[in-house]
Amino acid sequence: MTAPTIVFDLDGTLVDTHPDLIGTLSWLLEAEGLDPVDLVQAKNLIGHGMKPMIEKALKLQGRGSTQDEIDEVFGRYVVAYEKRIAAASRPYPGIVAALDHFAAEGMLLAVCTNKLHRLAVKLLDELDLTRHFQVITGFDTYPVRKPHPDHLIFTIRDAGGDPAKAVMIGDSETDIRTAQAARVPLVAYSGGYTAIPLPELNPDVILDDYHDLPATVARLLAQAAVR
Ligand SMILES: O=C(O)COP(=O)(O)O
Ligand SMILES: [Mg+2]
């Protein structure tokens with residue numbers, strides 16, 4: 001019998017990455033002679049991948065009109081971000097205990113993020129989280145990425161699991177749309193980054209505290225089993 005697969009988004013779900021993501025963005029905008037973005041606004045730019053974040057931040061200031069300009073600024077962003085990737089970013093409270101719980105139950109664990117794969121692994125390595133996961137997939141792992149449902153479905157299969165016996169944990173519209181399209185139940189974590197209020201996105205569950213995650217996941221898996 002296939003073990004259940006628990007799939008985590010990364011930014012805003014496993015790790016509170018905004019201090020380093022937005023810190024790098026502020027540095028870059030200053031270096032470009034532009035105004036810093038508002039912190040709350042900037043947080044909500046996270047979740048679609050780093051290049052779309054840079055593109056939107058430049059557009060908010062009337063810049064980034066050509067693909068060459070976006071590519072060039074993005075290149076500099078990645079170099080700077082990589083240097084401080086885990087300087088202030090930390091796992092959310094309760095998440096490591098939840099991962100240990102799922103592993104002890106024999107469940108398969110995976111990361112499905114829109115971060116570049118290399119950067120996702122580097123961040124997880126620096127925070128000693130990589131060892132928890134069967135597979136880590138990023139923006140550039142497959143020909144498609146979230147919100148395309150196949151990013152999630154391929155991740156579950158590559159972890160050795162079955163999409164009919166899986167739960168995703170995510171924080172943004174991107175994750176919720178992905179899971180809904182893949183017909184995988186989703187737990188929306190309220191501590192992350194979302195431009196749209198979570199209740200408007202209709203996730204299966206909204207969770208405020210990861211100490212409640214094992215019981216929530218068990219409930220969703222039981223519901224999926226009788227569907
Ligand atoms: O926007 C990003 O860089 C990636 O974000 P994610 O880990 O929430 O998919
Ligand atoms: Mg996220």
# chains A, B, ... in the order shown; residues from 1 in each chain; ligands from 1
$ closest_atom_pairs --of "region 135-190 of chain A" --to "region 84-105 of chain A" --cutoff "12 Å" --atoms "only C-alpha atoms" --output "tab-separated table"
residue	atom	partner	partner_atom	distance
A:Val167	CA	A:Phe102	CA	11.8
A:Ile169	CA	A:Ile95	CA	11.1
A:Tyr189	CA	A:Tyr92	CA	10.3
A:Ser190	CA	A:Tyr92	CA	11.2
$ residues_near_ligand --ligand "ligand 2" --cutoff "8 Å" --atoms "only C-alpha atoms and all ligand atoms" --output "count of residues only"
16
$ residues_around --residues "region 1-4 of chain A" --least-positions-apart "2" --cutoff "6 Å" --atoms "only C-alpha atoms" --output "list in words"
Met107, Lys165 and Ala166 of chain A
$ residues_around --residues "Ala195 (chain A)" --least-positions-apart "3" --cutoff "8 Å" --atoms "only C-alpha atoms" --output "compact mmCIF listing (two decimals) with N, CA and C atoms, in the first residue's frame"
# COMPACT_ATOMS: atom_id res chain seq x y z
N ASN A 44 3.46 40.33 -0.56
CA ASN A 44 2.43 39.71 -1.40
C ASN A 44 2.89 39.49 -2.84
N LEU A 45 4.12 39.89 -3.14
CA LEU A 45 4.66 39.61 -4.47
C LEU A 45 5.29 38.21 -4.51
N SER A 172 -0.42 30.51 -0.47
CA SER A 172 -0.84 31.58 -1.39
C SER A 172 -1.87 31.08 -2.41
N GLU A 173 -2.40 32.04 -3.14
CA GLU A 173 -3.33 31.75 -4.23
C GLU A 173 -2.74 30.70 -5.17
$ residues_around --residues "region 222-226 of chain A" --least-positions-apart "2" --cutoff "12 Å" --atoms "only C-alpha atoms" --output "list in words"
Pro4, Pro163, Ala164, Lys165, Ala166, Val167, Arg183, Val184, Pro185, Leu186, Asp204, Ala215, Thr216, Val217, Ala218, Arg219 and Leu220 of chain A
$ residues_around --residues "region 53-61 of chain A" --least-positions-apart "2" --cutoff "12 Å" --atoms "only C-alpha atoms" --output "ChimeraX atom specification"
/A:21-22,24-26,28-30,32-39,41-51,63-78,114-115
$ write_last_selection --atoms "C-alpha atoms" --output "mmCIF file, in the first residue's frame"
data_model
loop_
_atom_site.group_PDB
_atom_site.id
_atom_site.type_symbol
_atom_site.label_atom_id
_atom_site.label_comp_id
_atom_site.auth_asym_id
_atom_site.auth_seq_id
_atom_site.Cartn_x
_atom_site.Cartn_y
_atom_site.Cartn_z
ATOM 1 C CA LEU A 21 13.775 37.943 -0.137
ATOM 2 C CA ILE A 22 12.520 41.455 0.514
ATOM 3 C CA THR A 24 17.529 41.735 -1.183
ATOM 4 C CA LEU A 25 14.768 43.424 -3.184
ATOM 5 C CA SER A 26 15.125 46.637 -1.163
ATOM 6 C CA LEU A 28 18.459 46.078 -5.397
ATOM 7 C CA LEU A 29 15.885 48.844 -5.822
ATOM 8 C CA GLU A 30 18.150 51.243 -3.960
ATOM 9 C CA GLU A 32 18.850 50.992 -9.179
ATOM 10 C CA GLY A 33 18.060 54.449 -7.770
ATOM 11 C CA LEU A 34 14.416 53.480 -7.185
ATOM 12 C CA ASP A 35 12.174 53.848 -4.131
ATOM 13 C CA PRO A 36 11.893 50.868 -1.775
ATOM 14 C CA VAL A 37 8.652 48.902 -2.100
ATOM 15 C CA ASP A 38 6.254 48.970 0.806
ATOM 16 C CA LEU A 39 7.002 45.903 2.984
ATOM 17 C CA GLN A 41 2.991 45.069 -0.606
ATOM 18 C CA ALA A 42 6.343 43.334 -1.242
ATOM 19 C CA LYS A 43 5.404 40.293 0.858
ATOM 20 C CA ASN A 44 2.433 39.713 -1.397
ATOM 21 C CA LEU A 45 4.664 39.608 -4.472
ATOM 22 C CA ILE A 46 6.115 36.286 -3.236
ATOM 23 C CA GLY A 47 4.766 32.960 -4.460
ATOM 24 C CA HIS A 48 4.859 33.149 -8.261
ATOM 25 C CA GLY A 49 8.629 32.755 -8.615
ATOM 26 C CA MET A 50 11.466 35.222 -8.219
ATOM 27 C CA LYS A 51 11.520 36.655 -11.715
ATOM 28 C CA ARG A 63 10.519 50.249 -14.927
ATOM 29 C CA GLY A 64 11.235 46.840 -16.428
ATOM 30 C CA SER A 65 9.777 47.598 -19.802
ATOM 31 C CA THR A 66 11.995 45.207 -21.742
ATOM 32 C CA GLN A 67 12.731 41.531 -21.183
ATOM 33 C CA ASP A 68 16.476 42.314 -21.341
ATOM 34 C CA GLU A 69 16.171 44.784 -18.473
ATOM 35 C CA ILE A 70 14.160 42.323 -16.373
ATOM 36 C CA ASP A 71 16.650 39.506 -17.095
ATOM 37 C CA GLU A 72 19.620 41.689 -16.197
ATOM 38 C CA VAL A 73 18.144 42.905 -12.894
ATOM 39 C CA PHE A 74 16.964 39.380 -12.074
ATOM 40 C CA GLY A 75 20.505 38.034 -12.598
ATOM 41 C CA ARG A 76 21.859 40.527 -10.082
ATOM 42 C CA TYR A 77 19.053 39.737 -7.655
ATOM 43 C CA VAL A 78 19.831 35.998 -7.670
ATOM 44 C CA ASN A 114 8.311 28.146 -7.319
ATOM 45 C CA LYS A 115 11.835 28.963 -6.095
#
$ select_by_dssp --residues "region 2-225 of chain A" --states "helix (DSSP H, G or I)" --output "VMD selection string"
chain A and resid 18 to 31 39 to 43 50 to 60 67 to 83 95 to 104 117 to 126 130 to 132 149 to 158 163 to 165 173 to 182 198 to 201 210 to 225
$ atom_distance --atom1 "CA of Ala120 (chain A)" --atom2 "atom 9 (O, counted along the ligand's line) of ligand 1"
9.6 Å
$ closest_residue --among "A:Leu127, A:Ile176, A:Ala31, A:Ile156" --to "ligand 1" --atoms "only C-alpha atoms and all ligand atoms"
A:Ile176
$ atom_distance --atom1 "CA of Leu198 (chain A)" --atom2 "CA of Glu126 (chain A)"
29.9 Å
$ closest_residue --among "A:Leu109, A:Leu152, A:Lys146, A:Thr178" --to "Phe133 (chain A)" --atoms "only C-alpha atoms"
A:Leu109
$ atom_distance --atom1 "CA of Gln180 (chain A)" --atom2 "CA of Asp16 (chain A)"
23.9 Å
$ closest_residue --among "A:Ala179, A:Pro143, A:Thr194, A:Leu108" --to "ligand 1" --atoms "only C-alpha atoms and all ligand atoms"
A:Thr194
$ select_by_dssp --residues "region 37-118 of chain A" --states "strand (DSSP E or B)" --output "ChimeraX atom specification"
/A:90-91,108-112
$ write_last_selection --atoms "N, CA and C atoms" --output "mmCIF file, in the first residue's frame"
data_model
loop_
_atom_site.group_PDB
_atom_site.id
_atom_site.type_symbol
_atom_site.label_atom_id
_atom_site.label_comp_id
_atom_site.auth_asym_id
_atom_site.auth_seq_id
_atom_site.Cartn_x
_atom_site.Cartn_y
_atom_site.Cartn_z
ATOM 1 N N ARG A 90 13.833 31.795 8.680
ATOM 2 C CA ARG A 90 13.756 30.708 9.658
ATOM 3 C C ARG A 90 12.514 29.851 9.427
ATOM 4 N N PRO A 91 12.595 28.538 9.786
ATOM 5 C CA PRO A 91 11.395 27.700 9.699
ATOM 6 C C PRO A 91 10.306 28.243 10.625
ATOM 7 N N LEU A 108 5.398 9.981 3.138
ATOM 8 C CA LEU A 108 6.381 10.535 2.202
ATOM 9 C C LEU A 108 6.282 12.057 2.278
ATOM 10 N N LEU A 109 7.422 12.734 2.244
ATOM 11 C CA LEU A 109 7.430 14.193 2.371
ATOM 12 C C LEU A 109 8.103 14.823 1.159
ATOM 13 N N ALA A 110 7.536 15.921 0.668
ATOM 14 C CA ALA A 110 8.071 16.563 -0.534
ATOM 15 C C ALA A 110 7.924 18.074 -0.436
ATOM 16 N N VAL A 111 8.764 18.777 -1.189
ATOM 17 C CA VAL A 111 8.650 20.232 -1.326
ATOM 18 C C VAL A 111 8.320 20.548 -2.783
ATOM 19 N N CYS A 112 7.330 21.406 -2.995
ATOM 20 C CA CYS A 112 6.918 21.834 -4.337
ATOM 21 C C CYS A 112 6.887 23.358 -4.305
#
$ closest_residue --among "A:Leu116, A:Ala182, A:Val7, A:Val40" --to "ligand 1" --atoms "only C-alpha atoms and all ligand atoms"
A:Leu116
$ closest_residue --among "A:Leu221, A:Leu207, A:Ala80, A:Val15" --to "ligand 1" --atoms "only C-alpha atoms and all ligand atoms"
A:Val15
$ decode --residues "region 161-188 of chain A" --atoms "C-alpha atoms" --output "mmCIF file, in the first residue's frame"
data_model
loop_
_atom_site.group_PDB
_atom_site.id
_atom_site.type_symbol
_atom_site.label_atom_id
_atom_site.label_comp_id
_atom_site.auth_asym_id
_atom_site.auth_seq_id
_atom_site.Cartn_x
_atom_site.Cartn_y
_atom_site.Cartn_z
ATOM 1 C CA GLY A 161 3.410 8.593 -3.809
ATOM 2 C CA ASP A 162 -0.101 8.636 -5.232
ATOM 3 C CA PRO A 163 -1.963 11.938 -5.910
ATOM 4 C CA ALA A 164 -5.173 10.330 -4.581
ATOM 5 C CA LYS A 165 -3.455 9.897 -1.192
ATOM 6 C CA ALA A 166 -1.811 13.259 -0.695
ATOM 7 C CA VAL A 167 -2.243 16.587 1.087
ATOM 8 C CA MET A 168 -0.600 19.891 0.199
ATOM 9 C CA ILE A 169 0.310 22.659 2.647
ATOM 10 C CA GLY A 170 0.656 26.125 1.105
ATOM 11 C CA ASP A 171 0.224 29.806 1.786
ATOM 12 C CA SER A 172 -0.843 31.575 -1.389
ATOM 13 C CA GLU A 173 -3.329 31.746 -4.228
ATOM 14 C CA THR A 174 -0.772 29.903 -6.364
ATOM 15 C CA ASP A 175 -0.781 26.865 -4.056
ATOM 16 C CA ILE A 176 -4.544 26.822 -3.576
ATOM 17 C CA ARG A 177 -5.242 26.985 -7.337
ATOM 18 C CA THR A 178 -2.629 24.274 -7.968
ATOM 19 C CA ALA A 179 -4.090 21.880 -5.401
ATOM 20 C CA GLN A 180 -7.674 22.530 -6.497
ATOM 21 C CA ALA A 181 -6.757 21.800 -10.133
ATOM 22 C CA ALA A 182 -4.890 18.624 -9.077
ATOM 23 C CA ARG A 183 -7.809 17.593 -6.786
ATOM 24 C CA VAL A 184 -5.460 17.326 -3.817
ATOM 25 C CA PRO A 185 -6.760 18.598 -0.438
ATOM 26 C CA LEU A 186 -4.961 21.724 0.738
ATOM 27 C CA VAL A 187 -4.169 23.220 4.124
ATOM 28 C CA ALA A 188 -3.664 26.989 3.818
#
